[in-house]
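S.K.: Sharing start_26.csv (CSV, C-alpha atoms) below.
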```
chain,number,residue,atom,x,y,z
J,9,MET,CA,160.5,147.8,148.4
J,10,ILE,CA,157.5,149.4,146.7
J,11,ALA,CA,154.7,150.3,149.1
J,12,LEU,CA,151.3,151.8,148.9
J,13,LYS,CA,150.7,155.3,150.2
J,14,GLU,CA,147.9,155.4,152.7
J,15,ASN,CA,146.2,158.4,151.0
J,16,ASP,CA,146.2,156.5,147.7
J,17,ARG,CA,144.5,153.5,149.2
J,18,THR,CA,141.5,155.5,150.4
J,19,LYS,CA,140.8,157.4,147.2
J,20,LYS,CA,137.2,157.1,145.9
J,21,THR,CA,137.2,156.5,142.2
J,22,THR,CA,135.0,155.1,139.4
J,23,ARG,CA,138.1,154.4,137.2
J,24,PRO,CA,139.4,150.9,136.9
J,25,HIS,CA,141.6,150.1,139.9
J,26,ILE,CA,144.7,148.2,139.1
J,27,LEU,CA,147.3,146.7,141.5
J,28,ILE,CA,150.8,146.0,140.1
J,29,MET,CA,152.8,143.4,141.9
J,30,GLU,CA,156.3,143.9,140.6
J,31,ASP,CA,159.7,143.9,142.5
J,32,ASP,CA,161.6,145.7,139.7
J,33,LEU,CA,161.1,149.4,140.5
J,34,ASN,CA,161.8,150.6,137.0
J,35,VAL,CA,159.3,148.2,135.5
J,36,ALA,CA,156.7,149.0,138.1
J,37,LYS,CA,157.0,152.8,137.6
J,38,GLY,CA,157.0,152.4,133.8
J,39,LEU,CA,153.8,150.4,133.9
J,40,LYS,CA,152.2,152.8,136.4
J,41,MET,CA,153.0,155.8,134.1
J,42,ILE,CA,151.6,154.0,131.0
J,43,LEU,CA,148.4,152.9,132.8
J,44,GLU,CA,147.7,156.2,134.5
J,45,GLU,CA,148.0,157.9,131.1
J,46,GLN,CA,145.2,155.5,130.0
J,47,GLY,CA,143.0,156.7,132.8
J,48,TYR,CA,143.4,153.8,135.3
J,49,GLU,CA,143.9,154.2,139.0
J,50,VAL,CA,147.2,152.3,139.8
J,51,GLU,CA,148.8,151.1,143.0
J,52,LEU,CA,152.2,149.3,143.4
J,53,GLN,CA,153.4,146.5,145.6
J,54,GLY,CA,157.0,145.1,145.4
J,55,THR,CA,156.4,141.9,147.4
J,56,GLY,CA,153.9,139.1,147.5
J,57,ILE,CA,153.1,139.6,151.2
J,58,GLY,CA,152.4,143.3,150.6
J,59,ALA,CA,150.2,142.4,147.6
J,60,MET,CA,148.2,139.9,149.6
J,61,ASP,CA,147.7,142.4,152.4
J,62,ALA,CA,146.4,145.0,149.9
J,63,ILE,CA,144.1,142.5,148.2
J,64,GLY,CA,142.7,141.5,151.6
J,65,LYS,CA,141.8,145.1,152.4
J,66,TYR,CA,140.9,146.7,149.1
J,67,ASP,CA,139.0,145.8,145.9
J,68,TYR,CA,140.8,145.9,142.6
J,69,ASP,CA,139.5,145.4,139.1
J,70,LEU,CA,142.8,143.9,138.0
J,71,LEU,CA,146.0,142.4,139.4
J,72,MET,CA,149.1,142.6,137.3
J,73,ALA,CA,151.2,139.8,138.9
J,74,ASP,CA,154.9,139.2,138.4
J,75,LEU,CA,155.6,135.6,139.4
J,76,HIS,CA,159.2,135.9,140.6
J,77,LEU,CA,159.2,137.9,143.8
J,78,PRO,CA,161.8,138.4,146.5
J,79,ASP,CA,159.7,136.8,149.3
J,80,ILE,CA,157.1,134.3,148.0
J,81,ASP,CA,156.0,132.6,144.7
J,82,GLY,CA,153.7,134.9,142.8
J,83,MET,CA,151.4,132.0,142.1
J,84,GLN,CA,150.5,132.0,145.7
J,85,VAL,CA,149.3,135.6,145.4
J,86,VAL,CA,147.3,134.7,142.2
J,87,LYS,CA,145.6,131.8,144.0
J,88,ARG,CA,144.8,133.9,147.1
J,89,ALA,CA,143.4,136.7,144.9
J,90,LYS,CA,141.1,134.4,143.0
J,91,GLU,CA,140.0,132.6,146.2
J,92,THR,CA,139.1,135.8,148.1
J,93,LYS,CA,138.3,138.2,145.4
J,94,PRO,CA,137.1,136.1,142.4
J,95,ASP,CA,135.9,139.1,140.4
J,96,THR,CA,139.4,140.6,140.3
J,97,GLY,CA,141.0,140.0,136.9
J,98,VAL,CA,144.5,138.7,136.8
J,99,ILE,CA,147.3,139.1,134.2
J,100,VAL,CA,150.5,137.2,134.9
J,101,MET,CA,153.8,138.8,133.9
J,102,THR,CA,157.0,136.8,133.9
J,103,GLY,CA,160.4,136.7,132.2
J,104,TYR,CA,160.4,132.9,132.6
J,105,ALA,CA,157.2,132.0,130.7
J,106,THR,CA,156.8,128.4,129.8
J,107,SER,CA,153.8,126.4,128.5
J,108,SER,CA,153.2,124.7,131.8
J,109,LEU,CA,153.6,127.9,133.8
J,110,ALA,CA,151.0,129.7,131.6
J,111,VAL,CA,148.5,126.9,131.9
J,112,ASP,CA,149.0,126.6,135.6
J,113,ALA,CA,148.2,130.4,136.0
J,114,MET,CA,145.1,130.0,133.8
J,115,LYS,CA,143.9,127.1,136.0
J,116,LEU,CA,144.2,129.3,139.0
J,117,GLY,CA,142.0,131.8,137.3
J,118,ALA,CA,144.3,134.2,135.6
J,119,HIS,CA,142.9,135.8,132.5
J,120,ASP,CA,146.1,136.1,130.5
J,121,PHE,CA,149.8,135.9,130.7
J,122,ILE,CA,152.5,138.2,129.2
J,123,ALA,CA,156.1,137.2,128.7
J,124,LYS,CA,158.8,139.8,129.5
J,125,PRO,CA,159.9,141.9,127.8
J,126,PHE,CA,156.6,143.2,126.5
J,127,THR,CA,155.7,146.3,124.5
J,128,GLU,CA,153.5,149.1,125.6
J,129,GLU,CA,150.8,148.1,123.0
J,130,GLN,CA,150.9,144.5,124.3
J,131,ILE,CA,150.2,145.6,127.9
J,132,LYS,CA,147.5,148.0,126.9
J,133,THR,CA,145.7,145.4,124.8
J,134,ALA,CA,146.0,142.7,127.5
J,135,ILE,CA,144.6,145.0,130.2
J,136,LYS,CA,141.7,146.3,128.0
J,137,ASP,CA,140.8,142.7,127.1
J,138,ALA,CA,140.9,141.6,130.8
J,139,LEU,CA,138.8,144.5,132.0
J,140,ASP,CA,136.3,144.1,129.1
J,141,PHE,CA,136.0,140.4,129.9
J,142,ASN,CA,135.1,141.0,133.5
J,143,ALA,CA,132.7,143.8,132.7
J,144,SER,CA,130.7,142.0,130.1
J,145,LYS,CA,130.6,138.6,131.7
J,146,THR,CA,130.9,137.0,128.3
J,147,SER,CA,130.2,133.4,127.4
J,148,GLN,CA,133.9,132.6,127.8
J,149,GLU,CA,133.5,132.7,131.6
J,150,ASN,CA,130.5,130.4,131.5
J,151,LEU,CA,132.3,128.0,129.3
J,152,SER,CA,135.1,127.6,131.8
J,153,LEU,CA,132.5,126.4,134.4
J,154,LEU,CA,130.8,123.8,132.2
J,155,ASP,CA,131.9,120.4,131.1
J,156,SER,CA,129.2,119.3,128.6
J,157,GLU,CA,129.9,117.4,125.5
J,158,GLU,CA,128.5,120.4,123.5
J,159,ASN,CA,131.0,122.8,125.0
J,160,LYS,CA,133.9,120.3,124.5
J,161,SER,CA,132.9,120.2,120.8
J,162,ILE,CA,132.8,124.0,120.6
J,163,GLN,CA,136.3,124.2,122.2
J,164,LYS,CA,137.7,121.6,119.8
J,165,ARG,CA,136.2,123.3,116.8
J,166,GLU,CA,137.5,126.8,117.8
J,167,VAL,CA,141.0,125.6,118.6
J,168,LEU,CA,141.3,123.9,115.2
J,169,ASN,CA,139.9,127.0,113.5
J,170,VAL,CA,142.6,129.1,115.2
J,171,LEU,CA,145.4,126.7,114.2
J,172,ASN,CA,144.1,126.3,110.6
J,173,ARG,CA,144.0,130.1,110.3
J,174,THR,CA,147.6,130.5,111.5
J,175,SER,CA,148.7,128.5,108.5
J,176,GLU,CA,146.6,130.5,106.0
J,177,ASP,CA,146.8,134.1,107.4
J,178,GLU,CA,150.3,135.5,108.0
J,179,ASN,CA,149.0,138.7,109.7
J,180,PHE,CA,146.9,136.6,112.2
J,181,TRP,CA,149.9,134.3,112.8
J,182,LEU,CA,152.1,137.3,113.6
J,183,HIS,CA,149.4,138.9,115.8
J,184,LEU,CA,149.0,135.7,117.8
J,185,MET,CA,152.8,135.3,118.1
J,186,GLU,CA,153.3,138.8,119.4
J,187,ASN,CA,150.1,139.3,121.5
J,188,GLY,CA,149.3,135.9,122.8
J,189,SER,CA,145.8,135.1,124.0
J,190,ALA,CA,144.7,138.7,123.5
J,191,ALA,CA,144.7,137.9,119.8
J,192,LEU,CA,141.9,135.3,120.4
J,193,ALA,CA,139.2,137.6,121.6
J,194,GLU,CA,136.9,136.8,118.7
J,195,TYR,CA,137.0,133.1,119.4
J,196,THR,CA,134.7,131.3,121.9
J,197,LEU,CA,137.5,129.8,124.0
J,198,THR,CA,138.1,129.1,127.7
J,199,SER,CA,141.0,130.9,129.3
J,200,GLU,CA,142.8,127.5,129.5
J,201,ALA,CA,142.4,126.9,125.8
J,202,LYS,CA,143.7,130.4,125.0
J,203,ALA,CA,146.7,129.8,127.2
J,204,ALA,CA,147.5,126.5,125.5
J,205,ILE,CA,147.3,128.0,122.0
J,206,ALA,CA,149.3,131.1,122.9
J,207,SER,CA,152.0,129.2,124.7
J,208,GLY,CA,152.2,126.2,122.4
J,209,ASP,CA,151.2,123.7,125.0
J,210,LEU,CA,151.1,120.6,122.7
J,211,GLN,CA,150.4,118.2,125.5
J,212,TRP,CA,147.2,120.1,126.6
J,213,ILE,CA,146.1,120.3,123.0
J,214,ASN,CA,146.6,116.6,122.3
J,215,GLU,CA,144.8,115.6,125.5
J,216,ASN,CA,141.8,117.9,125.0
J,217,ILE,CA,141.6,118.4,121.3
J,218,GLY,CA,143.3,115.4,119.7
J,219,GLU,CA,146.1,114.8,117.2
J,220,LEU,CA,146.9,117.7,114.9
J,221,THR,CA,147.8,117.7,111.2
J,222,GLN,CA,151.2,119.1,110.1
J,223,LYS,CA,149.4,122.2,108.9
J,224,GLN,CA,147.9,122.8,112.3
J,225,LEU,CA,151.2,122.1,114.0
J,226,MET,CA,153.1,124.8,112.2
J,227,PHE,CA,152.3,127.6,114.6
J,228,ILE,CA,152.9,125.3,117.7
J,229,TYR,CA,156.3,124.4,116.5
J,230,LYS,CA,157.2,128.0,115.7
J,231,ARG,CA,156.0,129.1,119.1
J,232,LEU,CA,158.0,126.5,120.9
J,233,GLU,CA,161.1,127.4,118.8
J,234,ARG,CA,160.8,131.0,119.8
J,235,GLU,CA,160.4,130.1,123.5
J,236,ALA,CA,163.5,128.0,123.3
J,237,TRP,CA,165.4,130.7,121.6
```
Could you take the file, read its structure, and then write that structure out as structure tokens?
M.R.:
Amino acid sequence: MIALKENDRTKKTTRPHILIMEDDLNVAKGLKMILEEQGYEVELQGTGIGAMDAIGKYDYDLLMADLHLPDIDGMQVVKRAKETKPDTGVIVMTGYATSSLAVDAMKLGAHDFIAKPFTEEQIKTAIKDALDFNASKTSQENLSLLDSEENKSIQKREVLNVLNRTSEDENFWLHLMENGSAALAEYTLTSEAKAAIASGDLQWINENIGELTQKQLMFIYKRLEREAW
């Protein structure tokens, strides 16, 4: 079991403070090493109960949450974190990523999800994007709280712009395939819309955006093929 050291918990720091909830000790230590090299303050918890206890006592800028834990469902921890500390960013990590799982995590308030195995660059990009998002309080956060016809129109236009671009720009297509929603920072999209595109959630897209052309469907089909493989 991975546990926090008492003296680590009480440190005063102005650096971004990240809690990693991961029961695989090798993965947890590898992430900790990478993130500390980037200048982050990092703490580890190997169980959901331990993570919820830490979240209840201390403030974190970001929670890196594995969903498959030895004691409880990681989704419970994500939900608790967003309910009690809504300003804490959340990135979900899982080796069992599916479209529905990604969207469920976004609905609970997660900023992003990363499917294992991930690269060092993917994790660095995802963390920087999540921290920047929280710091700047961008229009994306406001959009997720609104339900006006204007914002629905914006979301539809932006999703279609992304899907059209995937069929025309191979570099963008590869970037989106490899980096998920982190590749969509320049678009005015809610977290839920980002997750749907990145995970290939055709049901969500059809329900919220409408039917797609064959050109727009190309990326979705390729993304789902890769997940199945």
S.K.: For region 72-143 of chain J versus region 199-223 of chain J, which residues have an atom no more than 9 Å away, and what is each residue's nearest atom pair and distance in Å rounded to one decimal, using all atoms listed in the file, chain-then-number order, as a tab-separated table?
M.R.:
```
residue	atom	partner	partner_atom	distance
J:Ala105	CA	J:Ser207	CA	8.4
J:Thr106	CA	J:Ser207	CA	7.0
J:Ser107	CA	J:Ser207	CA	5.1
J:Ser108	CA	J:Asp209	CA	7.2
J:Ala110	CA	J:Ala203	CA	6.2
J:Val111	CA	J:Ala203	CA	5.8
J:Asp112	CA	J:Glu200	CA	8.7
J:Ala113	CA	J:Glu200	CA	8.9
J:Met114	CA	J:Glu200	CA	5.5
J:Lys115	CA	J:Glu200	CA	6.6
J:Gly117	CA	J:Ser199	CA	8.1
J:Ala118	CA	J:Ser199	CA	7.8
J:His119	CA	J:Ser199	CA	6.2
J:Asp120	CA	J:Ala203	CA	7.1
J:Phe121	CA	J:Ala203	CA	7.7
```
S.K.: Smallest atom-to-atom distance to Thr174 (chain J): which of J:Ile228, J:Ala73, J:Leu109, J:Ile122, using only C-alpha atoms?
M.R.: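 Of J:Ile228, J:Ala73, J:Leu109, J:Ile122, the one nearest Thr174 (chain J), counting only C-alpha atoms, is J:Ile228.
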S.K.: Which polymer residues have any atom within 12 Å of an atom of Val50 (chain J), counting only C-alpha atoms, with same-chain residues fewer than 3 positions away left out, as a ChimeraX atom specification?
M.R.: /J:12-13,16-17,19,21,23-29,36-47,53,68-72
S.K.: List as JSON, numbers by chain the protein and nucleic acid residues near Val170 (chain J), meaning an atom at most 12 Å away when all atoms listed in the file are counted, but skip any in the same chain fewer than 3 places from it.
M.R.: {"J": [163, 164, 165, 166, 167, 173, 174, 175, 176, 177, 180, 181, 183, 184, 189, 191, 192, 193, 194, 195, 196, 197, 201, 202, 204, 205, 206, 223, 224, 225, 226, 227, 228]}
S.K.: So what do you get for CA of Lys160 (chain J) versus CA of Ile135 (chain J), distance-wise?
M.R.: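 Separation between CA of Lys160 (chain J) and CA of Ile135 (chain J): 27.5 Å.
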S.K.: Which polymer residues, protein or nucleic acid, are no farther than 8 Å from (154.0, 138.2, 146.9), counting all atoms listed in the file, as a JSON list (two decimals) with C-alpha atoms, in the coordinates of the input?
M.R.:
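Output contents, as saved in result_4.json:
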```json
[["chain", "number", "residue", "atom", "x", "y", "z"],
["J", 29, "MET", "CA", 152.80, 143.40, 141.90],
["J", 54, "GLY", "CA", 157.00, 145.10, 145.40],
["J", 55, "THR", "CA", 156.40, 141.90, 147.40],
["J", 56, "GLY", "CA", 153.90, 139.10, 147.50],
["J", 57, "ILE", "CA", 153.10, 139.60, 151.20],
["J", 58, "GLY", "CA", 152.40, 143.30, 150.60],
["J", 59, "ALA", "CA", 150.20, 142.40, 147.60],
["J", 60, "MET", "CA", 148.20, 139.90, 149.60],
["J", 77, "LEU", "CA", 159.20, 137.90, 143.80],
["J", 78, "PRO", "CA", 161.80, 138.40, 146.50],
["J", 79, "ASP", "CA", 159.70, 136.80, 149.30],
["J", 80, "ILE", "CA", 157.10, 134.30, 148.00],
["J", 81, "ASP", "CA", 156.00, 132.60, 144.70],
["J", 82, "GLY", "CA", 153.70, 134.90, 142.80],
["J", 84, "GLN", "CA", 150.50, 132.00, 145.70],
["J", 85, "VAL", "CA", 149.30, 135.60, 145.40]]
```
S.K.: Give me, please, the distance in Å between CA of Asp74 (chain J) and CA of Glu30 (chain J), quoted to one decimal.
M.R.: 5.4 Å
S.K.: One number please: CA of Lys87 (chain J) to CA of Asp67 (chain J), in Å, one decimal.
M.R.: 15.6 Å
S.K.: Using all atoms listed in the file, which of the listed residues (J:Leu139, J:Met185, J:Leu116, J:Val98) sits closest to Tyr48 (chain J)?
M.R.: J:Leu139
S.K.: Which residue gives the smallest distance to His76 (chain J) among J:Glu186, J:Asp31, J:Asp137, J:Glu129, with all atoms listed in the file counted?
M.R.: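 Result for the nearest residue to His76 (chain J): J:Asp31.
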S.K.: Here is a test: counting all atoms listed in the file, which residue of J:Val100, J:Met83, J:Ala190, J:Leu52 is nearest to Lys136 (chain J)?
M.R.: J:Ala190
S.K.: Please return the centre and edge lengths, in Å to one decimal, of a box with edges along x, y and z that contains all listed atoms of region 52-68 of chain J, widened by 5 Å on every side, as AutoDock Vina command-line options.
M.R.:
```
--center_x 148.0 --center_y 144.2 --center_z 147.5 --size_x 28.0 --size_y 20.2 --size_z 19.8
```
S.K.: Find the residue from J:Asp32, J:Asn172, J:Ala134, J:Ala143 that sits nearest to Gly103 (chain J); use all atoms listed in the file when measuring.
M.R.: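 Using all atoms listed in the file, the shortest distance to Gly103 (chain J) belongs to J:Asp32.
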